[in-house]
Amino acid sequence: MEPLTIANKKFNSRLFVGTGKFSSGKIMEEALLASGSGLVTVALKRIDVNDKEDDILTHLYHSQFNLLPNTSGVRTAKEAVIAAQLAREALGTNWLKLEIHPDSKYLLPDPVETLKATEELARLGFIILPYIHADPVLCKRLEEAGAAAVMPLGSPIGSNRGLQTKTFLEIIIEQSNIPVIVDAGIGAPSHAAEAMELGADAVLVNTAIAVSENPVQMAAAFKMAVEAGRMAFEAKLASKVGYAVASSPLTAFLDE
Amino acid sequence: MMGSFKDIFYQYNWEEVKNSIYAKTERDVVSALNSDKKNLEDFKALISPAALPYLEQMAILSNQITKKRFGKTIQMYIPVYLSNECQNICTYCGFSMNNKIGRVTLTEAQILKEIEVIKSFGYDHILLVTGESQKNVGIDYFKEVMPVFRSNFSHISMEVQPLKEEEYRELILLGLNTVLVYQETYNQNEYKNYHLKGKKSNFFYRLETPDRLGSSGVHKIGLGILIGLDDWRTDSFFTALHLTYLEKAYWQTKYSISFPRLRPAEGFSKSKVEMNEKELVQLICAYRIFNEEIELSLSTRESQNFRNNIVKLGITAMSAGSKTNPGGYALEEDSLEQFEISDERTAPEVASMIRELGYEPVWKDWDKNYI
């Protein structure tokens, strides 16, 4: 399996994971370790950097975990830029998952503010991974604005509904010059495998692992699914056009 | 200009709504449970007496939906009572103006002492509560104390008298995140009998407060009724109606619901309409099934045993170790409490109960740099 490179950083695992919704910090830690992930997203609003015993951060001190702070909770580009700077200062990383969702019900990203913030944050030297709709044109615009990768959604965040946006994800994957990470809505390992088979560079999973009855085992299942999907993609899936036709009623005249 | 909830409210008649809820059948309940997208008629069925035999199914569903959206977490918050001065006469409230009690409004120095104790419990989300006294505890007082709280807490909620839109805007700039404003009852005629005197007797000024809040751009609005004032089913329907209206009108705002059941207080002992614990579970589950994204909050008004068991059934936020009198945490002033609490455990005790149930108590879920 080829490693994935984002902004000159190599990742052996193509599964990225979130840290929300777990029943305890300890279970979160075990699940993240089982996932084999090298990139872990953390909501700035959930952590207290002044607290040495912060209930999330204390469980993330493993060398394989690179932290990806996210701006969950902000509603405008302006707030996102402030949050990004705070995150950089607090966690000592330039990496940022940019999330701007003013819609409080479905937490859908604001494309206008996200583009604005990406432009500004790129100027400030951030490595930006924006969470956005599966909108191919928007993805190209974000690429031009300096995003390091794009994170289009499969379906609404936390919905576990899989790749409802598949048609658009395929276009995004086809057109993108930067990595495409399918984020949000991946509710089962089969969804993750499907995204990888389509050619997504990685997937980000949180809810499906965190609220499973056995988060550690579910994390391991996602690890395998992502690997399987990626291997299948690299091996090139056989064409689905499997219809065998005995006669050729439309073209038979050519042989007459 | 955009209308307000008043326009919607006028389209409904209390008695008709009430009759339609009590006319719901088991068939309506089953159809509500099975429908993909729940509507207000489904909500009526779920809160109706016909749904009681389905309580276990409702609880299972509520548990699953809540975990999907909120995970296995419970947000922790604590109220701090800043003043019990009040110019309203409300028949059920300990702070009512006609109660001959010691009146206190905390000074900044006293507030700092309270904060010290509250922080030692581990809290980072705070709820400021006062009675309604425009002169001593009005906008100027709030503007004065807000920075004190902002420098100590990541999330500030407020449960005080309804304010003007521009006043909310000023407070938001100073760090206010959430405002709770309960209608108490949506039965306009009964409302008068409970709120005899003072600004609170103005039913429609209160009813339109969430509209002013929505326009002000506040981050979260808390709705609710005081259970016990009138038929809780009908009142809850109006709350759900209000919520549905607000979600569309102010789509950037988050919403939460609370279910305070009337507690004994100075000068008041008995509710007009009782609601038992089974019915409270029904209501909580019904809200969750009706609205997957709504935050549901439960205070220390409820008993220890009830609170232990409700953690898994749809609740997303809890207070613990609360005092309902100004100065209650540090000053030990003998000031009057607003109502008697029921679950008297400390915050660490409640937190460990939550952990034992396989849930994570969350102390910080906001950042003071976000508005």
# chains A, B, ... in the order shown; residues from 1 in each chain; ligands from 1
call {"tool": "closest_atom_pairs", "arguments": {"of": "chain B", "to": "chain A", "cutoff": "9 Å", "atoms": "only C-alpha atoms", "output": "Markdown table"}}
result
| residue | atom | partner | partner_atom | distance |
| --- | --- | --- | --- | --- |
| B:Lys67 | CA | A:Val211 | CA | 6.2 |
| B:Lys68 | CA | A:Gly158 | CA | 6.3 |
| B:Arg69 | CA | A:Gly158 | CA | 5.9 |
| B:Phe70 | CA | A:Lys21 | CA | 6.1 |
| B:Gly71 | CA | A:Lys21 | CA | 3.8 |
| B:Lys72 | CA | A:Ser23 | CA | 4.8 |
| B:Thr73 | CA | A:Lys21 | CA | 6.1 |
| B:Ser154 | CA | A:Lys45 | CA | 8.6 |
| B:Glu247 | CA | A:Lys105 | CA | 8.1 |
| B:Trp251 | CA | A:Asp103 | CA | 6.0 |
| B:Gln252 | CA | A:Asp103 | CA | 4.9 |
| B:Thr253 | CA | A:Ser104 | CA | 6.0 |
| B:Lys254 | CA | A:Ser104 | CA | 5.4 |
| B:Tyr255 | CA | A:Ser104 | CA | 8.6 |
| B:Glu292 | CA | A:Lys105 | CA | 8.9 |
| B:Glu293 | CA | A:Lys105 | CA | 6.0 |
| B:Ile294 | CA | A:Lys105 | CA | 8.1 |
| B:Arg355 | CA | A:Ser24 | CA | 7.6 |
| B:Gly358 | CA | A:Ser23 | CA | 5.6 |
| B:Tyr359 | CA | A:Ser23 | CA | 4.5 |
| B:Glu360 | CA | A:Ser23 | CA | 4.8 |
| B:Pro361 | CA | A:Ser24 | CA | 8.5 |
| B:Val362 | CA | A:Arg46 | CA | 8.2 |
| B:Trp363 | CA | A:Arg46 | CA | 8.3 |
| B:Lys364 | CA | A:Arg46 | CA | 5.4 |
| B:Asp365 | CA | A:Arg46 | CA | 4.4 |
| B:Trp366 | CA | A:Lys45 | CA | 4.3 |
| B:Asp367 | CA | A:Lys45 | CA | 4.8 |
| B:Lys368 | CA | A:Lys45 | CA | 8.5 |
| B:Asn369 | CA | A:Ala83 | CA | 7.3 |
| B:Tyr370 | CA | A:Val74 | CA | 6.3 |
| B:Ile371 | CA | A:Val74 | CA | 7.9 |
call {"tool": "write_last_selection", "arguments": {"atoms": "C-alpha atoms", "output": "tab-separated table (two decimals), in the first residue's frame"}}
result
chain	number	residue	atom	x	y	z
B	67	LYS	CA	-25.51	8.44	21.25
B	68	LYS	CA	-25.31	8.99	17.50
B	69	ARG	CA	-25.42	12.75	17.81
B	70	PHE	CA	-23.81	13.44	21.19
B	71	GLY	CA	-21.83	10.28	21.87
B	72	LYS	CA	-21.52	8.89	25.35
B	73	THR	CA	-21.03	12.24	26.99
B	154	SER	CA	-15.30	29.01	28.82
B	247	GLU	CA	-35.05	26.59	14.21
B	251	TRP	CA	-30.99	28.67	11.80
B	252	GLN	CA	-27.58	29.59	13.14
B	253	THR	CA	-28.72	29.35	16.74
B	254	LYS	CA	-28.52	26.20	18.85
B	255	TYR	CA	-31.41	25.23	21.09
B	292	GLU	CA	-32.37	14.46	17.11
B	293	GLU	CA	-30.21	17.55	17.48
B	294	ILE	CA	-31.81	19.30	20.43
B	355	ARG	CA	-18.44	7.56	34.47
B	358	GLY	CA	-19.95	4.41	30.77
B	359	TYR	CA	-20.39	8.07	29.93
B	360	GLU	CA	-17.84	10.86	29.99
B	361	PRO	CA	-18.64	14.03	31.94
B	362	VAL	CA	-17.55	16.93	29.72
B	363	TRP	CA	-16.46	20.06	31.57
B	364	LYS	CA	-15.25	22.16	28.66
B	365	ASP	CA	-16.91	22.21	25.28
B	366	TRP	CA	-16.54	25.80	24.25
B	367	ASP	CA	-13.81	28.38	23.97
B	368	LYS	CA	-14.16	31.87	25.33
B	369	ASN	CA	-12.64	33.19	22.12
B	370	TYR	CA	-15.67	31.98	20.17
B	371	ILE	CA	-18.66	34.23	20.35
call {"tool": "select_by_dssp", "arguments": {"residues": "stretch 69-254 of chain B", "states": "alpha helix (DSSP H)", "output": "NGL selection string"}}
result
:B and (69-70 or 108-121 or 139-150 or 165-173 or 188-194 or 203-207 or 209-216 or 232-249)
call {"tool": "residues_around", "arguments": {"residues": "A:Leu39", "least_positions_apart": "5", "cutoff": "8 Å", "atoms": "only C-alpha atoms", "output": "number ranges by chain"}}
result
A: 15-17, 65-68
call {"tool": "write_last_selection", "arguments": {"atoms": "C-alpha atoms", "output": "short mmCIF file (atom, residue, chain, number, x, y, z; two decimals), in the first residue's frame"}}
result
data_model
loop_
_atom_site.label_atom_id
_atom_site.label_comp_id
_atom_site.auth_asym_id
_atom_site.auth_seq_id
_atom_site.Cartn_x
_atom_site.Cartn_y
_atom_site.Cartn_z
CA LEU A 15 -7.50 6.29 8.31
CA PHE A 16 -7.80 9.55 10.21
CA VAL A 17 -9.79 9.61 13.41
CA PHE A 65 -0.31 10.57 16.71
CA ASN A 66 0.00 13.82 14.84
CA LEU A 67 -2.58 16.27 16.12
CA LEU A 68 -4.97 17.98 13.76
#
call {"tool": "residues_around", "arguments": {"residues": "stretch 170-177 of chain A", "least_positions_apart": "5", "cutoff": "7 Å", "atoms": "only C-alpha atoms", "output": "PyMOL selection string"}}
result
chain A and resi 136+139-140+198-200
call {"tool": "select_by_dssp", "arguments": {"residues": "stretch 273-348 of chain B", "states": "strand (DSSP E or B)", "output": "PyMOL selection string"}}
result
chain B and resi 295-298+317-319
